[in-house]
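Written out below as structure tokens is the structure these notes cover.
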Amino acid sequence: QVQLVESGGGLVQPGGSLRLSCAASGFTSDYYIMGWFRQAPGKGREGVSCFRIRDGSTYYADSVKGRFTISRDNAKNTVYLQMNSLSPEDTAVYYCAAYRATVSTVMRAMCATSGSGMDYWGKGTLVNVSS
């Protein structure tokens with residue numbers, strides 16, 4: 001049973017930084033894609049960033065490129081999302097998700113979406129960017 005537990009959300013001023021963590025357990029192989037999705041108030045869920053465990057490849061939504069960095073600590077089985085230069089538009093509940101991929105899975109196809117194809121989800125952590 002895969003479990004994902006997010007942490008690190010909170011209140012931050014515009015221009016500030018936060019680091020989200022997603023601790024994963026229950027993976028049976030390294031053919032997983034882990035990702036971060038977010039849902040802002042009154043809006044649909046959108047993909048933010050993903051990480052393919054097998055080869056370390058990454059995906060970023062255009063709206064966060066250059067500001068957010070996704071990474072993984074293999075020893076801790078944890079994926080991080082470092083968020084810099086935050087703006088009020090980044091305010092949302094951020095969800096960690098995982099997909100049991102295959103060698104042919106196109107990461108962008110899983111991540112540049114609402115995440116409806118992901119297999120597992122955390123409960124979410126709120127990021128509030130406000131002065």
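FYI, nothing fancy with the structure tokens labels: chains A, B, ... in order, residues from 1 per chain, ligands from 1 as they appear.
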* Residues within 9 Å of Ala101 of chain A, only C-alpha atoms, excluding chain neighbours under 2 positions, as a ChimeraX atom specification -> /A:30-33,52,98-99,103-107
Keeping C-alpha atoms for every residue in the selection just given, could you write it to a file as a short mmCIF file (atom, residue, chain, number, x, y, z; two decimals), in the first residue's frame?
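To be explicit, this is the file written out as out.cif:
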```
data_model
loop_
_atom_site.label_atom_id
_atom_site.label_comp_id
_atom_site.auth_asym_id
_atom_site.auth_seq_id
_atom_site.Cartn_x
_atom_site.Cartn_y
_atom_site.Cartn_z
CA ASP A 30 11.49 2.49 -9.00
CA TYR A 31 9.16 2.79 -12.00
CA TYR A 32 7.19 5.52 -10.33
CA ILE A 33 6.58 9.11 -11.25
CA ARG A 52 10.70 10.18 -12.57
CA ALA A 98 2.44 9.08 -7.52
CA TYR A 99 1.92 7.02 -10.66
CA VAL A 103 9.29 2.38 -19.42
CA SER A 104 7.05 3.90 -22.08
CA THR A 105 5.16 6.32 -19.84
CA VAL A 106 5.45 9.89 -21.09
CA MET A 107 5.87 11.99 -17.96
#
```
Q: Among the residues of segment 37-101 of chain A, find those DSSP assigns to strand (DSSP E or B) from the backbone and print them as a VMD selection string.
A: chain A and resid 37 to 39 45 to 52 58 to 60 68 to 73 78 to 83 92 to 100
Keeping only C-alpha atoms, write the selected residues to a file as a PDB file, in the first residue's frame.
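The result, written out as selection.pdb:
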```
ATOM      1  CA  PHE A  37      -0.254  19.224  -8.147  1.00  0.00           C
ATOM      2  CA  ARG A  38      -2.065  22.225  -6.775  1.00  0.00           C
ATOM      3  CA  GLN A  39      -5.583  23.562  -6.525  1.00  0.00           C
ATOM      4  CA  ARG A  45      -6.302  21.203 -10.039  1.00  0.00           C
ATOM      5  CA  GLU A  46      -3.174  21.611 -12.151  1.00  0.00           C
ATOM      6  CA  GLY A  47       0.152  19.881 -12.468  1.00  0.00           C
ATOM      7  CA  VAL A  48       3.138  21.769 -11.070  1.00  0.00           C
ATOM      8  CA  SER A  49       6.167  19.495 -11.269  1.00  0.00           C
ATOM      9  CA  CYS A  50       7.048  15.808 -11.563  1.00  0.00           C
ATOM     10  CA  PHE A  51      10.051  13.572 -10.990  1.00  0.00           C
ATOM     11  CA  ARG A  52      10.699  10.176 -12.568  1.00  0.00           C
ATOM     12  CA  THR A  58      11.798  16.224 -14.325  1.00  0.00           C
ATOM     13  CA  TYR A  59       8.836  18.199 -15.606  1.00  0.00           C
ATOM     14  CA  TYR A  60       7.787  21.741 -14.724  1.00  0.00           C
ATOM     15  CA  PHE A  68      10.460  25.853  -8.372  1.00  0.00           C
ATOM     16  CA  THR A  69      12.832  22.898  -8.138  1.00  0.00           C
ATOM     17  CA  ILE A  70      11.828  19.287  -7.584  1.00  0.00           C
ATOM     18  CA  SER A  71      14.288  16.799  -6.116  1.00  0.00           C
ATOM     19  CA  ARG A  72      14.409  13.470  -4.331  1.00  0.00           C
ATOM     20  CA  ASP A  73      16.343  12.052  -1.401  1.00  0.00           C
ATOM     21  CA  THR A  78      11.174  11.746  -0.001  1.00  0.00           C
ATOM     22  CA  VAL A  79      10.473  14.177  -2.818  1.00  0.00           C
ATOM     23  CA  TYR A  80      10.913  17.888  -2.238  1.00  0.00           C
ATOM     24  CA  LEU A  81       9.522  20.947  -3.981  1.00  0.00           C
ATOM     25  CA  GLN A  82      11.645  24.020  -3.374  1.00  0.00           C
ATOM     26  CA  MET A  83       9.528  27.078  -4.167  1.00  0.00           C
ATOM     27  CA  ALA A  92      -3.176  26.769  -3.291  1.00  0.00           C
ATOM     28  CA  VAL A  93      -3.429  23.398  -1.637  1.00  0.00           C
ATOM     29  CA  TYR A  94      -0.474  21.398  -2.888  1.00  0.00           C
ATOM     30  CA  TYR A  95      -0.874  17.659  -3.305  1.00  0.00           C
ATOM     31  CA  CYS A  96       1.763  15.000  -3.712  1.00  0.00           C
ATOM     32  CA  ALA A  97       0.854  12.190  -6.087  1.00  0.00           C
ATOM     33  CA  ALA A  98       2.439   9.075  -7.521  1.00  0.00           C
ATOM     34  CA  TYR A  99       1.924   7.025 -10.663  1.00  0.00           C
ATOM     35  CA  ARG A 100       3.084   3.479 -11.214  1.00  0.00           C
TER      36      ARG A 100
END
```
Notebook entry, point to check: What does the distance between atom CA of Val127 of chain A and atom CA of Leu11 of chain A come to in Å, to one decimal place?
Noted result: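 Computing it gives 6.2 Å between the two atoms.
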- DSSP alpha helix (DSSP H) selection over chain A, as an NGL selection string: :A and (107-111)
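Across the structure, atom CA of Ala40 of chain A and atom CA of Val2 of chain A are spaced 25.6 Å apart.
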In terms of only C-alpha atoms, the residue from A:Cys111, A:Leu86, A:Val129, A:Ala75 at minimal distance from Gly35 of chain A is A:Cys111
Across A:Gly44, A:Leu126, A:Asn77, A:Gly56, the smallest distance to Thr113 of chain A, with only C-alpha atoms counted, is shown by A:Gly44
Q: Could you check how far atom CA of Val64 of chain A sits from atom CA of Ser114 of chain A, in Å to one decimal?
A: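 Pair atom CA of Val64 of chain A / atom CA of Ser114 of chain A returns 15.7 Å.
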May I have the residues within 7 Å of segment 3-8 of chain A as a VMD selection string, using only C-alpha atoms and disregarding those fewer than 3 positions away in the same chain? chain A and resid 19 to 26 96 121 to 122 124 to 125
Next, the residues of the selection above should be written as a PDB file, in the first residue's frame with N, CA, C and O atoms.
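Writing the result to result.pdb gives the following:
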```
ATOM      1  N   ARG A  19       9.709  25.127   1.249  1.00  0.00           N
ATOM      2  CA  ARG A  19      10.051  23.807   0.730  1.00  0.00           C
ATOM      3  C   ARG A  19       9.022  22.797   1.212  1.00  0.00           C
ATOM      4  O   ARG A  19       8.829  22.619   2.417  1.00  0.00           O
ATOM      5  N   LEU A  20       8.379  22.172   0.254  1.00  0.00           N
ATOM      6  CA  LEU A  20       7.425  21.109   0.558  1.00  0.00           C
ATOM      7  C   LEU A  20       8.129  19.761   0.508  1.00  0.00           C
ATOM      8  O   LEU A  20       9.048  19.555  -0.292  1.00  0.00           O
ATOM      9  N   SER A  21       7.675  18.858   1.369  1.00  0.00           N
ATOM     10  CA  SER A  21       8.213  17.502   1.403  1.00  0.00           C
ATOM     11  C   SER A  21       7.095  16.498   1.213  1.00  0.00           C
ATOM     12  O   SER A  21       5.972  16.724   1.672  1.00  0.00           O
ATOM     13  N   CYS A  22       7.424  15.398   0.553  1.00  0.00           N
ATOM     14  CA  CYS A  22       6.469  14.303   0.379  1.00  0.00           C
ATOM     15  C   CYS A  22       7.193  13.007   0.713  1.00  0.00           C
ATOM     16  O   CYS A  22       8.034  12.547  -0.067  1.00  0.00           O
ATOM     17  N   ALA A  23       6.868  12.437   1.865  1.00  0.00           N
ATOM     18  CA  ALA A  23       7.464  11.181   2.281  1.00  0.00           C
ATOM     19  C   ALA A  23       6.631  10.030   1.741  1.00  0.00           C
ATOM     20  O   ALA A  23       5.423   9.966   1.995  1.00  0.00           O
ATOM     21  N   ALA A  24       7.281   9.143   1.011  1.00  0.00           N
ATOM     22  CA  ALA A  24       6.570   8.038   0.370  1.00  0.00           C
ATOM     23  C   ALA A  24       6.947   6.709   1.004  1.00  0.00           C
ATOM     24  O   ALA A  24       8.081   6.512   1.441  1.00  0.00           O
ATOM     25  N   SER A  25       5.995   5.801   1.033  1.00  0.00           N
ATOM     26  CA  SER A  25       6.249   4.437   1.495  1.00  0.00           C
ATOM     27  C   SER A  25       5.409   3.478   0.683  1.00  0.00           C
ATOM     28  O   SER A  25       4.385   3.863   0.115  1.00  0.00           O
ATOM     29  N   GLY A  26       5.876   2.239   0.595  1.00  0.00           N
ATOM     30  CA  GLY A  26       5.101   1.212  -0.082  1.00  0.00           C
ATOM     31  C   GLY A  26       5.426   1.012  -1.550  1.00  0.00           C
ATOM     32  O   GLY A  26       4.801   0.183  -2.215  1.00  0.00           O
ATOM     33  N   CYS A  96       0.783  15.930  -3.185  1.00  0.00           N
ATOM     34  CA  CYS A  96       1.763  15.000  -3.712  1.00  0.00           C
ATOM     35  C   CYS A  96       1.025  13.810  -4.308  1.00  0.00           C
ATOM     36  O   CYS A  96       0.022  13.347  -3.738  1.00  0.00           O
ATOM     37  N   TRP A 121      -2.454   9.526  -3.860  1.00  0.00           N
ATOM     38  CA  TRP A 121      -2.481  10.940  -3.475  1.00  0.00           C
ATOM     39  C   TRP A 121      -2.249  11.115  -1.982  1.00  0.00           C
ATOM     40  O   TRP A 121      -2.686  10.284  -1.172  1.00  0.00           O
ATOM     41  N   GLY A 122      -1.559  12.212  -1.652  1.00  0.00           N
ATOM     42  CA  GLY A 122      -1.505  12.635  -0.268  1.00  0.00           C
ATOM     43  C   GLY A 122      -2.714  13.486   0.052  1.00  0.00           C
ATOM     44  O   GLY A 122      -3.554  13.751  -0.815  1.00  0.00           O
ATOM     45  N   GLY A 124      -2.634  16.646   1.062  1.00  0.00           N
ATOM     46  CA  GLY A 124      -2.446  18.038   0.687  1.00  0.00           C
ATOM     47  C   GLY A 124      -1.903  18.904   1.805  1.00  0.00           C
ATOM     48  O   GLY A 124      -2.088  18.610   2.988  1.00  0.00           O
ATOM     49  N   THR A 125      -1.240  19.984   1.408  1.00  0.00           N
ATOM     50  CA  THR A 125      -0.735  20.963   2.364  1.00  0.00           C
ATOM     51  C   THR A 125      -0.975  22.351   1.787  1.00  0.00           C
ATOM     52  O   THR A 125      -0.760  22.575   0.590  1.00  0.00           O
TER      53      THR A 125
END
```
